[in-house]
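Raw contents of structure.pdb, PDB, C-alpha atoms:
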```
ATOM      1  CA  MET A   1       9.662 -15.788   7.757  1.00  0.00           C
ATOM      2  CA  LYS A   2       6.865 -13.301   8.515  1.00  0.00           C
ATOM      3  CA  ASP A   3       8.781 -10.613  10.378  1.00  0.00           C
ATOM      4  CA  ASN A   4       7.521  -7.603   8.405  1.00  0.00           C
ATOM      5  CA  VAL A   5       4.348  -5.553   8.480  1.00  0.00           C
ATOM      6  CA  ILE A   6       2.945  -4.837   5.002  1.00  0.00           C
ATOM      7  CA  LEU A   7       0.490  -1.951   4.628  1.00  0.00           C
ATOM      8  CA  ILE A   8      -1.900  -2.012   1.669  1.00  0.00           C
ATOM      9  CA  GLY A   9      -4.793   0.272   0.763  1.00  0.00           C
ATOM     10  CA  MET A  10      -5.998   3.032  -1.506  1.00  0.00           C
ATOM     11  CA  PRO A  11      -3.855   6.055  -2.324  1.00  0.00           C
ATOM     12  CA  SER A  12      -4.191   8.661   0.452  1.00  0.00           C
ATOM     13  CA  CYS A  13      -5.418   6.200   3.122  1.00  0.00           C
ATOM     14  CA  GLY A  14      -2.296   6.978   5.178  1.00  0.00           C
ATOM     15  CA  LYS A  15      -0.004   3.966   4.588  1.00  0.00           C
ATOM     16  CA  SER A  16       3.210   6.003   4.480  1.00  0.00           C
ATOM     17  CA  THR A  17       2.264   8.437   7.244  1.00  0.00           C
ATOM     18  CA  VAL A  18       1.120   5.694   9.608  1.00  0.00           C
ATOM     19  CA  GLY A  19       3.938   3.384   8.498  1.00  0.00           C
ATOM     20  CA  VAL A  20       6.684   5.760   9.635  1.00  0.00           C
ATOM     21  CA  VAL A  21       5.116   6.221  13.077  1.00  0.00           C
ATOM     22  CA  LEU A  22       4.346   2.504  13.448  1.00  0.00           C
ATOM     23  CA  ALA A  23       7.936   1.574  12.525  1.00  0.00           C
ATOM     24  CA  LYS A  24       9.267   3.877  15.243  1.00  0.00           C
ATOM     25  CA  ALA A  25       6.758   2.529  17.768  1.00  0.00           C
ATOM     26  CA  ILE A  26       7.724  -1.130  17.229  1.00  0.00           C
ATOM     27  CA  GLY A  27      11.432  -0.637  16.519  1.00  0.00           C
ATOM     28  CA  TYR A  28      11.297  -1.616  12.838  1.00  0.00           C
ATOM     29  CA  ARG A  29      12.748   0.114   9.801  1.00  0.00           C
ATOM     30  CA  PHE A  30      10.346   1.896   7.417  1.00  0.00           C
ATOM     31  CA  VAL A  31      10.258   1.195   3.683  1.00  0.00           C
ATOM     32  CA  ASP A  32       8.038   2.942   1.146  1.00  0.00           C
ATOM     33  CA  SER A  33       7.916   0.698  -1.921  1.00  0.00           C
ATOM     34  CA  ASP A  34       6.961   3.628  -4.175  1.00  0.00           C
ATOM     35  CA  LEU A  35      10.246   5.302  -3.203  1.00  0.00           C
ATOM     36  CA  VAL A  36      12.115   2.050  -3.918  1.00  0.00           C
ATOM     37  CA  ILE A  37      10.580   2.056  -7.419  1.00  0.00           C
ATOM     38  CA  GLN A  38      11.630   5.687  -7.937  1.00  0.00           C
ATOM     39  CA  GLU A  39      15.134   4.916  -6.673  1.00  0.00           C
ATOM     40  CA  GLN A  40      15.552   1.894  -8.959  1.00  0.00           C
ATOM     41  CA  THR A  41      14.165   3.614 -12.055  1.00  0.00           C
ATOM     42  CA  GLY A  42      15.505   7.106 -11.427  1.00  0.00           C
ATOM     43  CA  ARG A  43      12.062   8.515 -12.267  1.00  0.00           C
ATOM     44  CA  LEU A  44       8.917   9.664 -10.521  1.00  0.00           C
ATOM     45  CA  LEU A  45       5.952   7.275 -10.616  1.00  0.00           C
ATOM     46  CA  SER A  46       3.994   9.827 -12.655  1.00  0.00           C
ATOM     47  CA  GLU A  47       6.850   9.973 -15.215  1.00  0.00           C
ATOM     48  CA  ILE A  48       6.909   6.179 -15.601  1.00  0.00           C
ATOM     49  CA  ILE A  49       3.146   6.097 -16.177  1.00  0.00           C
ATOM     50  CA  GLU A  50       3.237   9.086 -18.545  1.00  0.00           C
ATOM     51  CA  GLU A  51       6.255   7.920 -20.576  1.00  0.00           C
ATOM     52  CA  ASP A  52       5.853   4.114 -20.561  1.00  0.00           C
ATOM     53  CA  GLY A  53       2.167   3.581 -19.816  1.00  0.00           C
ATOM     54  CA  LEU A  54       0.225   1.874 -17.089  1.00  0.00           C
ATOM     55  CA  ASN A  55       1.112  -1.702 -18.040  1.00  0.00           C
ATOM     56  CA  VAL A  56       4.857  -1.057 -17.856  1.00  0.00           C
ATOM     57  CA  PHE A  57       4.426   0.750 -14.541  1.00  0.00           C
ATOM     58  CA  ASN A  58       2.418  -2.172 -13.132  1.00  0.00           C
ATOM     59  CA  GLU A  59       5.108  -4.623 -14.310  1.00  0.00           C
ATOM     60  CA  ILE A  60       7.838  -2.564 -12.631  1.00  0.00           C
ATOM     61  CA  GLU A  61       5.784  -2.282  -9.437  1.00  0.00           C
ATOM     62  CA  ASN A  62       5.139  -6.032  -9.421  1.00  0.00           C
ATOM     63  CA  ARG A  63       8.833  -6.862  -9.943  1.00  0.00           C
ATOM     64  CA  VAL A  64      10.161  -4.408  -7.352  1.00  0.00           C
ATOM     65  CA  ASN A  65       7.691  -5.523  -4.672  1.00  0.00           C
ATOM     66  CA  ALA A  66       8.307  -9.206  -5.447  1.00  0.00           C
ATOM     67  CA  GLU A  67      12.032  -8.628  -4.826  1.00  0.00           C
ATOM     68  CA  LEU A  68      11.790  -6.660  -1.557  1.00  0.00           C
ATOM     69  CA  ASP A  69      14.102  -8.320   0.933  1.00  0.00           C
ATOM     70  CA  TYR A  70      13.713  -6.813   4.383  1.00  0.00           C
ATOM     71  CA  HIS A  71      13.398  -8.120   7.897  1.00  0.00           C
ATOM     72  CA  ARG A  72      11.705  -6.297  10.749  1.00  0.00           C
ATOM     73  CA  ALA A  73      10.365  -3.608   8.434  1.00  0.00           C
ATOM     74  CA  VAL A  74       7.088  -1.786   8.040  1.00  0.00           C
ATOM     75  CA  ILE A  75       6.559  -1.688   4.273  1.00  0.00           C
ATOM     76  CA  ALA A  76       4.081   0.829   2.866  1.00  0.00           C
ATOM     77  CA  THR A  77       3.118  -0.280  -0.628  1.00  0.00           C
ATOM     78  CA  GLY A  78       1.674   1.645  -3.540  1.00  0.00           C
ATOM     79  CA  GLY A  79      -2.095   1.404  -3.853  1.00  0.00           C
ATOM     80  CA  SER A  80      -1.845  -0.669  -7.039  1.00  0.00           C
ATOM     81  CA  VAL A  81       0.462  -3.351  -5.587  1.00  0.00           C
ATOM     82  CA  ILE A  82      -2.541  -5.697  -5.367  1.00  0.00           C
ATOM     83  CA  TYR A  83      -2.540  -6.026  -9.175  1.00  0.00           C
ATOM     84  CA  GLY A  84       0.816  -7.829  -9.054  1.00  0.00           C
ATOM     85  CA  GLU A  85       0.355 -11.510  -8.339  1.00  0.00           C
ATOM     86  CA  GLN A  86       4.060 -12.249  -7.708  1.00  0.00           C
ATOM     87  CA  ALA A  87       4.369  -9.151  -5.536  1.00  0.00           C
ATOM     88  CA  MET A  88       1.398 -10.065  -3.369  1.00  0.00           C
ATOM     89  CA  GLN A  89       2.443 -13.691  -3.061  1.00  0.00           C
ATOM     90  CA  HIS A  90       5.900 -12.566  -1.895  1.00  0.00           C
ATOM     91  CA  LEU A  91       4.562  -9.907   0.481  1.00  0.00           C
ATOM     92  CA  CYS A  92       2.121 -12.400   2.034  1.00  0.00           C
ATOM     93  CA  GLU A  93       5.055 -14.768   2.638  1.00  0.00           C
ATOM     94  CA  ILE A  94       7.334 -12.192   4.295  1.00  0.00           C
ATOM     95  CA  GLY A  95       4.875 -10.275   6.437  1.00  0.00           C
ATOM     96  CA  ILE A  96       1.520  -9.664   8.024  1.00  0.00           C
ATOM     97  CA  VAL A  97      -0.556  -7.841   5.406  1.00  0.00           C
ATOM     98  CA  ILE A  98      -2.731  -5.084   6.850  1.00  0.00           C
ATOM     99  CA  TYR A  99      -5.393  -3.320   4.800  1.00  0.00           C
ATOM    100  CA  ILE A 100      -5.744   0.303   5.903  1.00  0.00           C
ATOM    101  CA  GLU A 101      -9.404   0.852   5.086  1.00  0.00           C
ATOM    102  CA  LEU A 102     -11.000   4.258   4.639  1.00  0.00           C
ATOM    103  CA  PRO A 103     -14.439   5.017   3.190  1.00  0.00           C
ATOM    104  CA  TYR A 104     -14.595   6.425  -0.331  1.00  0.00           C
ATOM    105  CA  ASP A 105     -15.813   9.889   0.742  1.00  0.00           C
ATOM    106  CA  VAL A 106     -12.847  10.373   3.097  1.00  0.00           C
ATOM    107  CA  LEU A 107     -10.392   9.245   0.405  1.00  0.00           C
ATOM    108  CA  CYS A 108     -11.922  11.816  -1.963  1.00  0.00           C
ATOM    109  CA  GLU A 109     -11.287  14.591   0.554  1.00  0.00           C
ATOM    110  CA  ARG A 110      -7.600  13.597   0.789  1.00  0.00           C
ATOM    111  CA  ILE A 111      -6.536  12.407  -2.661  1.00  0.00           C
ATOM    112  CA  GLY A 112      -5.727  15.592  -4.599  1.00  0.00           C
ATOM    113  CA  ASP A 113      -4.321  15.303  -8.126  1.00  0.00           C
ATOM    114  CA  LEU A 114      -4.307  11.650  -9.239  1.00  0.00           C
ATOM    115  CA  THR A 115      -1.856  12.273 -12.085  1.00  0.00           C
ATOM    116  CA  ALA A 116       0.664  14.183  -9.972  1.00  0.00           C
ATOM    117  CA  ARG A 117       0.496  11.432  -7.328  1.00  0.00           C
ATOM    118  CA  GLY A 118       1.296   8.788  -9.925  1.00  0.00           C
ATOM    119  CA  VAL A 119      -1.888   6.840  -9.244  1.00  0.00           C
ATOM    120  CA  SER A 120      -2.247   3.739 -11.410  1.00  0.00           C
ATOM    121  CA  ILE A 121      -5.648   4.432 -12.972  1.00  0.00           C
ATOM    122  CA  LYS A 122      -6.907   3.493 -16.418  1.00  0.00           C
ATOM    123  CA  GLU A 123      -7.743   6.262 -18.865  1.00  0.00           C
ATOM    124  CA  GLY A 124     -11.381   7.276 -18.435  1.00  0.00           C
ATOM    125  CA  GLN A 125     -11.727   5.382 -15.137  1.00  0.00           C
ATOM    126  CA  THR A 126     -13.167   7.365 -12.235  1.00  0.00           C
ATOM    127  CA  PHE A 127     -11.684   7.307  -8.764  1.00  0.00           C
ATOM    128  CA  TYR A 128     -14.893   5.645  -7.539  1.00  0.00           C
ATOM    129  CA  GLU A 129     -14.549   2.882 -10.152  1.00  0.00           C
ATOM    130  CA  LEU A 130     -10.928   2.403  -9.086  1.00  0.00           C
ATOM    131  CA  TYR A 131     -12.017   2.151  -5.432  1.00  0.00           C
ATOM    132  CA  GLU A 132     -14.689  -0.426  -6.274  1.00  0.00           C
ATOM    133  CA  GLU A 133     -12.207  -2.437  -8.369  1.00  0.00           C
ATOM    134  CA  ARG A 134      -9.496  -2.507  -5.696  1.00  0.00           C
ATOM    135  CA  LYS A 135     -11.503  -2.948  -2.485  1.00  0.00           C
ATOM    136  CA  PRO A 136     -12.152  -6.712  -2.950  1.00  0.00           C
ATOM    137  CA  LEU A 137      -8.463  -7.248  -3.807  1.00  0.00           C
ATOM    138  CA  TYR A 138      -7.308  -5.499  -0.624  1.00  0.00           C
ATOM    139  CA  GLU A 139      -9.768  -7.583   1.375  1.00  0.00           C
ATOM    140  CA  ARG A 140      -8.622 -10.808  -0.295  1.00  0.00           C
ATOM    141  CA  TYR A 141      -4.924 -10.310   0.447  1.00  0.00           C
ATOM    142  CA  ALA A 142      -5.261  -8.802   3.946  1.00  0.00           C
ATOM    143  CA  ASP A 143      -4.492 -10.832   7.051  1.00  0.00           C
ATOM    144  CA  ILE A 144      -5.977  -7.949   9.028  1.00  0.00           C
ATOM    145  CA  THR A 145      -8.285  -5.083   8.003  1.00  0.00           C
ATOM    146  CA  VAL A 146      -8.242  -1.917  10.086  1.00  0.00           C
ATOM    147  CA  SER A 147     -10.812   0.807   9.503  1.00  0.00           C
ATOM    148  CA  VAL A 148      -9.122   4.103  10.331  1.00  0.00           C
ATOM    149  CA  LYS A 149     -11.992   6.543   9.796  1.00  0.00           C
ATOM    150  CA  ASP A 150     -12.061   9.245  12.488  1.00  0.00           C
ATOM    151  CA  LEU A 151      -8.891   7.917  14.177  1.00  0.00           C
ATOM    152  CA  SER A 152      -5.797   9.993  14.940  1.00  0.00           C
ATOM    153  CA  ILE A 153      -2.369   8.713  13.892  1.00  0.00           C
ATOM    154  CA  ARG A 154      -1.658   7.715  17.504  1.00  0.00           C
ATOM    155  CA  GLU A 155      -4.945   5.781  17.707  1.00  0.00           C
ATOM    156  CA  ILE A 156      -4.245   4.036  14.392  1.00  0.00           C
ATOM    157  CA  VAL A 157      -0.742   3.043  15.502  1.00  0.00           C
ATOM    158  CA  ASN A 158      -2.031   1.726  18.847  1.00  0.00           C
ATOM    159  CA  CYS A 159      -4.723  -0.234  17.028  1.00  0.00           C
ATOM    160  CA  LEU A 160      -2.160  -1.683  14.582  1.00  0.00           C
ATOM    161  CA  LYS A 161       0.209  -2.642  17.408  1.00  0.00           C
ATOM    162  CA  LYS A 162      -2.623  -4.499  19.153  1.00  0.00           C
ATOM    163  CA  GLU A 163      -3.685  -6.249  15.923  1.00  0.00           C
ATOM    164  CA  ILE A 164      -0.085  -7.300  15.179  1.00  0.00           C
ATOM    165  CA  ASN A 165       0.379  -8.679  18.712  1.00  0.00           C
ATOM    166  CA  ASP A 166      -2.951 -10.519  18.559  1.00  0.00           C
ATOM    167  CA  TYR A 167      -2.067 -11.940  15.137  1.00  0.00           C
ATOM    168  CA  GLU A 168       1.252 -13.378  16.297  1.00  0.00           C
TER     169      GLU A 168
END
```

Would you kindly transcribe this structure into structure tokens?
Amino acid sequence: MKDNVILIGMPSCGKSTVGVVLAKAIGYRFVDSDLVIQEQTGRLLSEIIEEDGLNVFNEIENRVNAELDYHRAVIATGGSVIYGEQAMQHLCEIGIVIYIELPYDVLCERIGDLTARGVSIKEGQTFYELYEERKPLYERYADITVSVKDLSIREIVNCLKKEINDYE
């Protein structure tokens, strides 16, 4: 049953920020899957990546997202969720998947320290290369793509509410 809203997109595109406000606006609960991972593992994302490596982190992220069991929730996912086939299959089954799209230059202004954020990025890979690698995956899995450049949080939420209503 598709009674959730799943937000996907690059780190720093605003999934968590918008997700909280959207959840309030439509009367849903808010879930941040990165926080669920931290809760289940007892570690920060950056610690998992640093101590166990990227592959183990991606496996944990895939498993946790594939097991999410919520109804009437706005779920903000980690930017790398799209690498997990089981996770994305599950999320597509339980909700409307919305890609929060922001241009590369705006993401660069927002991102900050990739390591401290626990961004799943290969050693030696640039943020631009990561963006180029992920963009087609976000587009492939999205039921809806919303470009949020130059929009306020209120405008984004209103746009998302309209898109969700139109989708149903």

Could you list, as a PDB file with C-alpha atoms, keeping the file's coordinate frame, every residue within 12 Å of Arg134 of chain A, counting all atoms listed in the file and ignoring same-chain residues fewer than 5 positions away?
```
ATOM      1  CA  ILE A   8      -1.900  -2.012   1.669  1.00  0.00           C
ATOM      2  CA  GLY A   9      -4.793   0.272   0.763  1.00  0.00           C
ATOM      3  CA  MET A  10      -5.998   3.032  -1.506  1.00  0.00           C
ATOM      4  CA  PRO A  11      -3.855   6.055  -2.324  1.00  0.00           C
ATOM      5  CA  GLY A  79      -2.095   1.404  -3.853  1.00  0.00           C
ATOM      6  CA  SER A  80      -1.845  -0.669  -7.039  1.00  0.00           C
ATOM      7  CA  VAL A  81       0.462  -3.351  -5.587  1.00  0.00           C
ATOM      8  CA  ILE A  82      -2.541  -5.697  -5.367  1.00  0.00           C
ATOM      9  CA  TYR A  83      -2.540  -6.026  -9.175  1.00  0.00           C
ATOM     10  CA  TYR A  99      -5.393  -3.320   4.800  1.00  0.00           C
ATOM     11  CA  GLU A 101      -9.404   0.852   5.086  1.00  0.00           C
ATOM     12  CA  TYR A 104     -14.595   6.425  -0.331  1.00  0.00           C
ATOM     13  CA  SER A 120      -2.247   3.739 -11.410  1.00  0.00           C
ATOM     14  CA  ILE A 121      -5.648   4.432 -12.972  1.00  0.00           C
ATOM     15  CA  PHE A 127     -11.684   7.307  -8.764  1.00  0.00           C
ATOM     16  CA  TYR A 128     -14.893   5.645  -7.539  1.00  0.00           C
ATOM     17  CA  GLU A 129     -14.549   2.882 -10.152  1.00  0.00           C
ATOM     18  CA  GLU A 139      -9.768  -7.583   1.375  1.00  0.00           C
ATOM     19  CA  ARG A 140      -8.622 -10.808  -0.295  1.00  0.00           C
ATOM     20  CA  TYR A 141      -4.924 -10.310   0.447  1.00  0.00           C
TER      21      TYR A 141
END
```

Any chance you could resolve the PyMOL selection byres ((chain A and resi 48-55) around 12) against this file and give the residues as JSON, numbers by chain? {"A": [34, 37, 38, 40, 41, 42, 43, 44, 45, 46, 47, 56, 57, 58, 59, 60, 61, 62, 80, 83, 84, 114, 115, 116, 117, 118, 119, 120, 121, 122, 123]}

Would you kindly return, as a PyMOL selection string, each protein, DNA or RNA residue with an atom no farther than 8 Å from any atom of Arg72 of chain A, considering all atoms listed in the file and excluding same-chain residues fewer than 2 positions away? chain A and resi 3-5+28-29+70+74

Rows by chain and residue number, segment 75-154 of chain A within 8 Å of segment 65-68 of chain A, shortest pair, all atoms listed in the file, as JSON lines:
```
{"residue": "A:Val81", "atom": "CA", "partner": "A:Asn65", "partner_atom": "CA", "distance": 7.6}
{"residue": "A:Gln86", "atom": "CA", "partner": "A:Ala66", "partner_atom": "CA", "distance": 5.7}
{"residue": "A:Ala87", "atom": "CA", "partner": "A:Ala66", "partner_atom": "CA", "distance": 3.9}
{"residue": "A:Met88", "atom": "CA", "partner": "A:Ala66", "partner_atom": "CA", "distance": 7.3}
{"residue": "A:Gln89", "atom": "CA", "partner": "A:Ala66", "partner_atom": "CA", "distance": 7.8}
{"residue": "A:His90", "atom": "CA", "partner": "A:Ala66", "partner_atom": "CA", "distance": 5.4}
{"residue": "A:Leu91", "atom": "CA", "partner": "A:Ala66", "partner_atom": "CA", "distance": 7.0}
```

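Here atom CA of Val157 of chain A and atom CA of Pro103 of chain A stand 18.5 Å from one another.
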
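One distance worth recording is that between atom CA of Gly78 of chain A and atom CA of Asp150 of chain A, which is 22.4 Å.
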
If I only have part of segment 69-97 of chain A, can you fill in N, CA and C atoms and write it as a compact mmCIF listing (two decimals), in the frame of the given file?
```txt
# COMPACT_ATOMS: atom_id res chain seq x y z
N ASP A 69 13.46 -7.38 0.01
CA ASP A 69 14.10 -8.32 0.93
C ASP A 69 14.47 -7.59 2.22
N TYR A 70 13.51 -7.50 3.11
CA TYR A 70 13.71 -6.81 4.38
C TYR A 70 13.28 -7.73 5.52
N HIS A 71 13.82 -7.44 6.68
CA HIS A 71 13.40 -8.12 7.90
C HIS A 71 13.14 -7.05 8.95
N ARG A 72 12.09 -7.26 9.72
CA ARG A 72 11.70 -6.30 10.75
C ARG A 72 11.52 -4.91 10.14
N ALA A 73 10.67 -4.87 9.11
CA ALA A 73 10.36 -3.61 8.43
C ALA A 73 8.86 -3.42 8.33
N VAL A 74 8.44 -2.16 8.40
CA VAL A 74 7.09 -1.79 8.04
C VAL A 74 7.18 -1.31 6.60
N ILE A 75 6.48 -1.99 5.70
CA ILE A 75 6.56 -1.69 4.27
C ILE A 75 5.23 -1.10 3.82
N ALA A 76 5.26 0.18 3.43
CA ALA A 76 4.08 0.83 2.87
C ALA A 76 4.15 0.63 1.36
N THR A 77 3.13 0.01 0.81
CA THR A 77 3.12 -0.28 -0.63
C THR A 77 2.32 0.78 -1.38
N GLY A 78 2.50 0.80 -2.70
CA GLY A 78 1.67 1.64 -3.54
C GLY A 78 0.28 1.04 -3.60
N GLY A 79 -0.71 1.87 -3.84
CA GLY A 79 -2.10 1.40 -3.85
C GLY A 79 -2.38 0.33 -4.88
N SER A 80 -1.59 0.29 -5.96
CA SER A 80 -1.84 -0.67 -7.04
C SER A 80 -1.05 -1.97 -6.89
N VAL A 81 -0.35 -2.14 -5.80
CA VAL A 81 0.46 -3.35 -5.59
C VAL A 81 -0.38 -4.62 -5.71
N ILE A 82 -1.66 -4.53 -5.38
CA ILE A 82 -2.54 -5.70 -5.37
C ILE A 82 -2.81 -6.25 -6.77
N TYR A 83 -2.41 -5.52 -7.81
CA TYR A 83 -2.54 -6.03 -9.18
C TYR A 83 -1.41 -7.00 -9.53
N GLY A 84 -0.34 -6.99 -8.76
CA GLY A 84 0.82 -7.83 -9.05
C GLY A 84 0.75 -9.14 -8.29
N GLU A 85 0.51 -10.22 -9.00
CA GLU A 85 0.36 -11.51 -8.34
C GLU A 85 1.64 -11.96 -7.65
N GLN A 86 2.79 -11.84 -8.32
CA GLN A 86 4.06 -12.25 -7.71
C GLN A 86 4.37 -11.36 -6.50
N ALA A 87 4.11 -10.07 -6.64
CA ALA A 87 4.37 -9.15 -5.54
C ALA A 87 3.55 -9.53 -4.32
N MET A 88 2.26 -9.77 -4.51
CA MET A 88 1.40 -10.06 -3.37
C MET A 88 1.72 -11.43 -2.76
N GLN A 89 2.05 -12.38 -3.59
CA GLN A 89 2.44 -13.69 -3.06
C GLN A 89 3.68 -13.54 -2.17
N HIS A 90 4.67 -12.80 -2.65
CA HIS A 90 5.90 -12.57 -1.90
C HIS A 90 5.61 -11.80 -0.59
N LEU A 91 4.85 -10.72 -0.70
CA LEU A 91 4.56 -9.91 0.48
C LEU A 91 3.79 -10.70 1.53
N CYS A 92 2.87 -11.55 1.09
CA CYS A 92 2.12 -12.40 2.03
C CYS A 92 3.04 -13.41 2.73
N GLU A 93 4.10 -13.82 2.04
CA GLU A 93 5.06 -14.77 2.64
C GLU A 93 5.98 -14.12 3.65
N ILE A 94 6.33 -12.83 3.43
CA ILE A 94 7.33 -12.19 4.30
C ILE A 94 6.74 -11.33 5.40
N GLY A 95 5.42 -11.15 5.41
CA GLY A 95 4.88 -10.28 6.44
C GLY A 95 3.39 -10.44 6.68
N ILE A 96 2.94 -9.77 7.71
CA ILE A 96 1.52 -9.66 8.02
C ILE A 96 0.99 -8.54 7.15
N VAL A 97 0.00 -8.84 6.33
CA VAL A 97 -0.56 -7.84 5.41
C VAL A 97 -1.76 -7.17 6.07
```
